[in-house]
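Student: For reference, the structure I am asking about is given below.
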Amino acid sequence: MKALVLAGGTGSRLRPITHTSAKQLVPVANKPVLFYVLEAIADAGIKDVGIVVGESADEIRAAVDEGGFTGLRITYLPQEAPLGLAHAVRIARDFLGDDDFVMYLGDNFVVGGITSLTEEFRSGRPDAQILLTRVPDPTAFGVAELDEEGKVVGLVEKPAEPKSDLALVGVYLFTPAIHEAVAAITPSARGELEITDAIQWLIDRRRDVRSTTISGYWKDTGNVGDMLEVNRTVLETIEPMVAGDVDEATEIVGRVRIADGATVRGSRIVGPVIIASGVEVSGSYVGPFTSISERCRIEDSEIEFSIVLPGSSITGVRRIEASLIGRNVEVTPAPRAPAAHRLILGDHSKVQISP
């Protein structure tokens with residue numbers, strides 16, 4: 001079995017962060033989301049991985065190479081534009097050959113990995129196996145319709161009127177039968193080759209399409225809110241470790257990881273929190289569910305439930321929460337507004353000014 005990882009999207013829902021960085025490389029608990037995907041693939045015993053890349057190809061290649069995934073044989077597959085998941089399968093045809101494969105969206109996060117899913121697929125080997133989960137707003141996802149026996153009878157991409165609340169998670173398993181389906185479909189009204197259309201093609205021809213509904217944690221990290229929630233989930237699992245330079249005036253509470261090379265002075269850190277190497281924290285409060293990346297500086301400030309990317313500084317600010325702060329950002333207090341009022345009033349005016 002091979003793996004096909006999709007990392008070519010533009011990340012429009014995470015702008016402005018993704019104007020300068022690939023969305024798959026935004027860190028969760030100080031590790032890129034894409035790395036969790038590759039680790040899950042390696043844990044499932046898969047060695048050959050094709051990564052579909054777009055405009056951010058060089059950045060993704062550099063990050064993965066630096067990540068040390070020596071146990072994986074990685075091939076980069078250029079995609080000229082994000083033209084749909086089925087289009088990614090089409091351009092990966094030569095790489096995939098006649099092997100079974102798992103397709104994993106590079107910005108999706110599944111707690112627990114995919115090992116049990118791949119084992120289930122290998123034992124039964126249906127033509128396609130999809131992963132489903134219940135969501136409050138199915139209109140934002142591909143949606144599956146099951147019959148009374150739990151068999152997949154229909155798939156629709158982002159329907160206006162969903163027939164169920166079962167959304168497709170960004171993990172799919174296929175035999176080579178999917179290539180015939182991908183070759184047969186045409187672009188949707190969105191101008192994309194939809195993987196839901198390809199799977200529906202298999203269903204219409206009575207091919208074996210199965211589903212697994214998960215009750216565990218899954219998130220598409222395509223927007224800031226979901227990214228912060230994934231960060232929260234991962235931080236809840238970290239083991240405490242204080243390897244950095246922390247003075248006696250600092251209070252550490254709960255599950256906190258402070259990397260070697262970090263410096264903390266006169267501050268209060270309430271976990272779960274992770275602080276990377278090269279970070280300087282002084283006279284500040286860092287609250288639960290916060291990740292601070294390399295070379296950041298937090299001074300005389302308060303922050304919680306946030307992600308701070310490398311090289312940024314926060315000075316004299318109260319208070320930051322539920323925020324995603326990009327690379328090399330400077331956050332400082334705004335200058336005080338002047339206390340005086342300047343008025344130009346016409347005849348017979350009435351003006352009320354707050355004291």
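In the structure tokens, chains take letters A, B, ... by order of appearance, with residues numbered from 1 within each chain and ligands from 1 in the order shown.
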Please give the complete set of residues from range 27-148 of chain A that DSSP, run on the backbone, assigns to helix (DSSP H, G or I), formatted as a PyMOL selection string.
Tutor: chain A and resi 33-43+57-67+85-91+93-96+115-124+138-140
Student: Can you tell me, as a ChimeraX atom specification, what residues are no more than 6 Å from Glu280 in chain A when counting only C-alpha atoms, ignoring any on the same chain fewer than 6 positions away?
Tutor: /A:263-264,297
Student: From the options A:Glu180, A:Asp98, A:Glu39, A:Asp208, which residue's atoms come nearest to Val64 in chain A, counting only C-alpha atoms?
Tutor: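 Of the candidates, the smallest distance to Val64 in chain A is held by A:Glu39.
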Student: Can you write out as CSV which residues of range 101-218 of chain A fall within 12 Å of range 52-55 of chain A, alongside each residue's closest atom pair and its distance in Å to one decimal, counting only C-alpha atoms and ordering rows by chain and ascending residue number?
Tutor:
```
residue,atom,partner,partner_atom,distance
A:Met103,CA,A:Val52,CA,10.5
A:Tyr104,CA,A:Val52,CA,10.5
A:Leu105,CA,A:Val52,CA,9.7
A:Gly106,CA,A:Val52,CA,9.2
```
Student: Which of these, A:Val171, A:Leu85, A:Ile292, A:Asp165, has the shortest distance to Pro187 in chain A once you count only C-alpha atoms?
Tutor: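 Of all the options, A:Leu85 lies closest to Pro187 in chain A.
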Student: Report as a PyMOL selection string all protein, DNA and RNA residues lying within 12 Å of Val230 in chain A, evaluated on only C-alpha atoms, omitting residues in the same chain fewer than 4 positions from it.
Tutor: chain A and resi 26-33+36+107-111+217-226+234-237+289-291+305-307
Student: Can you spit out the residues from that selection as a tab-separated table (two decimals), in the first residue's frame, using N, CA and C atoms?
Tutor:
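Result written to selection17.tsv:
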```
chain	number	residue	atom	x	y	z
A	26	VAL	N	1.44	25.16	9.19
A	26	VAL	CA	1.10	25.90	10.41
A	26	VAL	C	1.20	24.94	11.59
A	27	PRO	N	1.92	25.31	12.65
A	27	PRO	CA	2.20	24.34	13.72
A	27	PRO	C	1.06	24.16	14.70
A	28	VAL	N	0.87	22.93	15.12
A	28	VAL	CA	-0.01	22.56	16.22
A	28	VAL	C	0.89	21.97	17.30
A	29	ALA	N	0.86	22.56	18.50
A	29	ALA	CA	1.78	22.16	19.58
A	29	ALA	C	3.22	22.18	19.06
A	30	ASN	N	3.52	23.24	18.29
A	30	ASN	CA	4.86	23.50	17.76
A	30	ASN	C	5.35	22.45	16.77
A	31	LYS	N	4.42	21.75	16.11
A	31	LYS	CA	4.79	20.80	15.05
A	31	LYS	C	3.80	20.97	13.90
A	32	PRO	N	4.28	21.08	12.65
A	32	PRO	CA	3.37	21.29	11.53
A	32	PRO	C	2.30	20.20	11.43
A	33	VAL	N	1.10	20.59	11.04
A	33	VAL	CA	0.01	19.63	10.87
A	33	VAL	C	0.42	18.51	9.93
A	36	TYR	N	2.07	15.47	11.51
A	36	TYR	CA	1.19	14.49	12.15
A	36	TYR	C	0.65	13.51	11.12
A	107	ASP	N	-4.01	18.75	5.60
A	107	ASP	CA	-4.39	19.69	6.65
A	107	ASP	C	-5.47	19.10	7.56
A	108	ASN	N	-5.65	17.78	7.52
A	108	ASN	CA	-6.62	17.12	8.39
A	108	ASN	C	-5.92	16.46	9.57
A	109	PHE	N	-6.65	16.36	10.66
A	109	PHE	CA	-6.08	15.83	11.89
A	109	PHE	C	-7.03	14.79	12.47
A	110	VAL	N	-6.54	13.56	12.59
A	110	VAL	CA	-7.33	12.45	13.13
A	110	VAL	C	-6.61	11.91	14.36
A	111	VAL	N	-7.24	12.05	15.51
A	111	VAL	CA	-6.64	11.52	16.74
A	111	VAL	C	-6.64	9.99	16.67
A	217	TYR	N	-11.87	12.08	17.62
A	217	TYR	CA	-11.65	13.48	17.27
A	217	TYR	C	-11.10	13.61	15.85
A	218	TRP	N	-11.74	14.47	15.06
A	218	TRP	CA	-11.26	14.80	13.72
A	218	TRP	C	-11.49	16.28	13.47
A	219	LYS	N	-10.53	16.91	12.82
A	219	LYS	CA	-10.69	18.30	12.44
A	219	LYS	C	-10.02	18.55	11.09
A	220	ASP	N	-10.70	19.35	10.28
A	220	ASP	CA	-10.09	19.97	9.12
A	220	ASP	C	-9.54	21.31	9.61
A	221	THR	N	-8.22	21.45	9.59
A	221	THR	CA	-7.60	22.64	10.19
A	221	THR	C	-7.55	23.81	9.21
A	222	GLY	N	-8.58	23.92	8.38
A	222	GLY	CA	-8.57	24.95	7.35
A	222	GLY	C	-8.90	26.34	7.83
A	223	ASN	N	-9.37	26.51	9.08
A	223	ASN	CA	-9.63	27.85	9.57
A	223	ASN	C	-9.05	28.03	10.97
A	224	VAL	N	-9.01	29.26	11.43
A	224	VAL	CA	-8.32	29.57	12.68
A	224	VAL	C	-8.98	28.88	13.86
A	225	GLY	N	-10.31	28.89	13.92
A	225	GLY	CA	-11.01	28.27	15.03
A	225	GLY	C	-10.68	26.80	15.17
A	226	ASP	N	-10.71	26.07	14.06
A	226	ASP	CA	-10.39	24.64	14.10
A	226	ASP	C	-8.92	24.41	14.44
A	234	VAL	N	-4.20	18.52	21.20
A	234	VAL	CA	-2.85	17.95	21.27
A	234	VAL	C	-2.18	18.33	22.59
A	235	LEU	N	-2.34	19.58	23.01
A	235	LEU	CA	-1.70	20.02	24.25
A	235	LEU	C	-2.21	19.25	25.47
A	236	GLU	N	-3.46	18.78	25.40
A	236	GLU	CA	-4.00	18.01	26.52
A	236	GLU	C	-3.28	16.67	26.71
A	237	THR	N	-2.50	16.26	25.71
A	237	THR	CA	-1.81	14.96	25.79
A	237	THR	C	-0.32	15.08	26.08
A	289	PHE	N	-3.56	26.11	26.93
A	289	PHE	CA	-3.75	25.83	25.50
A	289	PHE	C	-3.04	26.85	24.62
A	290	THR	N	-1.81	27.16	25.02
A	290	THR	CA	-0.99	28.09	24.25
A	290	THR	C	0.28	27.41	23.77
A	291	SER	N	0.62	27.63	22.51
A	291	SER	CA	1.86	27.13	21.92
A	291	SER	C	2.69	28.31	21.46
A	305	PHE	N	-4.83	30.36	25.16
A	305	PHE	CA	-5.58	29.74	24.07
A	305	PHE	C	-5.18	30.34	22.72
A	306	SER	N	-3.86	30.30	22.44
A	306	SER	CA	-3.35	30.93	21.22
A	306	SER	C	-2.16	30.16	20.68
A	307	ILE	N	-1.84	30.44	19.43
A	307	ILE	CA	-0.66	29.89	18.76
A	307	ILE	C	0.18	31.07	18.29
```
Student: Do you know which residues are at most 9 Å from Pro176 in chain A counting only C-alpha atoms, after dropping those on the same chain fewer than 2 positions away, and could you put them as JSON, numbers by chain?
Tutor: {"A": [96, 97, 98, 99, 100, 101, 127, 174, 178, 179, 180]}
Student: Output as JSON, numbers by chain all residues of range 109-342 of chain A that backbone DSSP marks as strand (DSSP E).
Tutor: {"A": [109, 110, 128, 129, 130, 131, 132, 133, 134, 142, 143, 144, 145, 146, 152, 153, 154, 155, 156, 157, 166, 167, 168, 169, 170, 171, 172, 173, 174, 209, 210, 211, 212, 213, 218, 219, 220, 241, 242, 245, 246, 251, 252, 253, 256, 257, 258, 263, 264, 265, 268, 269, 270, 273, 274, 275, 280, 281, 282, 285, 286, 290, 291, 292, 297, 298, 299, 302, 303, 304, 307, 308, 313, 314, 315, 320, 321, 324, 325, 330, 331]}
Student: Can you work out which one of A:Gly266, A:Gly311, A:Gly84, A:Gly287 has the shortest atom-to-atom distance to Ile195 in chain A, counting only C-alpha atoms?
Tutor: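 Ranking A:Gly266, A:Gly311, A:Gly84, A:Gly287 by distance to Ile195 in chain A, first place goes to A:Gly84.
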Student: So which residues touch Val135 in chain A within 10 Å, counting only C-alpha atoms, skipping near sequence neighbours fewer than 6 positions away, as a PyMOL selection string?
Tutor: chain A and resi 141+143+164-168
Student: Would you output that residue set with N, CA, C and O atoms, as a PDB file, in the first residue's frame?
Tutor:
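again.pdb, freshly written:
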```pdb
ATOM      1  N   PHE A 141     -19.172  20.198   3.834  1.00  0.00           N
ATOM      2  CA  PHE A 141     -18.363  19.003   3.581  1.00  0.00           C
ATOM      3  C   PHE A 141     -18.993  18.143   2.492  1.00  0.00           C
ATOM      4  O   PHE A 141     -20.126  18.376   2.069  1.00  0.00           O
ATOM      5  N   VAL A 143     -20.894  14.866   1.841  1.00  0.00           N
ATOM      6  CA  VAL A 143     -21.857  14.221   2.731  1.00  0.00           C
ATOM      7  C   VAL A 143     -22.249  12.866   2.166  1.00  0.00           C
ATOM      8  O   VAL A 143     -22.491  12.722   0.960  1.00  0.00           O
ATOM      9  N   SER A 164     -27.944  13.765   5.200  1.00  0.00           N
ATOM     10  CA  SER A 164     -27.510  13.225   6.494  1.00  0.00           C
ATOM     11  C   SER A 164     -26.540  14.215   7.116  1.00  0.00           C
ATOM     12  O   SER A 164     -26.195  15.232   6.502  1.00  0.00           O
ATOM     13  N   ASP A 165     -26.105  13.909   8.331  1.00  0.00           N
ATOM     14  CA  ASP A 165     -25.085  14.737   8.977  1.00  0.00           C
ATOM     15  C   ASP A 165     -23.737  14.032   8.984  1.00  0.00           C
ATOM     16  O   ASP A 165     -22.857  14.360   9.771  1.00  0.00           O
ATOM     17  N   LEU A 166     -23.565  13.061   8.087  1.00  0.00           N
ATOM     18  CA  LEU A 166     -22.324  12.290   8.007  1.00  0.00           C
ATOM     19  C   LEU A 166     -21.381  12.909   6.975  1.00  0.00           C
ATOM     20  O   LEU A 166     -21.622  12.833   5.769  1.00  0.00           O
ATOM     21  N   ALA A 167     -20.332  13.552   7.452  1.00  0.00           N
ATOM     22  CA  ALA A 167     -19.364  14.201   6.579  1.00  0.00           C
ATOM     23  C   ALA A 167     -18.190  13.279   6.305  1.00  0.00           C
ATOM     24  O   ALA A 167     -17.800  12.464   7.149  1.00  0.00           O
ATOM     25  N   LEU A 168     -17.620  13.413   5.126  1.00  0.00           N
ATOM     26  CA  LEU A 168     -16.429  12.649   4.775  1.00  0.00           C
ATOM     27  C   LEU A 168     -15.211  13.278   5.447  1.00  0.00           C
ATOM     28  O   LEU A 168     -14.927  14.460   5.260  1.00  0.00           O
TER      29      LEU A 168
END
```
Student: Using only C-alpha atoms, which residue out of A:Ser211, A:Ser267, A:Thr315, A:Ser293 lies closest to Glu248 in chain A?
Tutor: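 Comparing A:Ser211, A:Ser267, A:Thr315, A:Ser293 against Glu248 in chain A, the winner is A:Ser267.
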Student: Which residues come within 10 Å of Leu117 in chain A, counting only C-alpha atoms, excluding same-chain residues fewer than 4 positions away, as a PyMOL selection string?
Tutor: chain A and resi 44+102+113+121-122+129-131+171-173+212
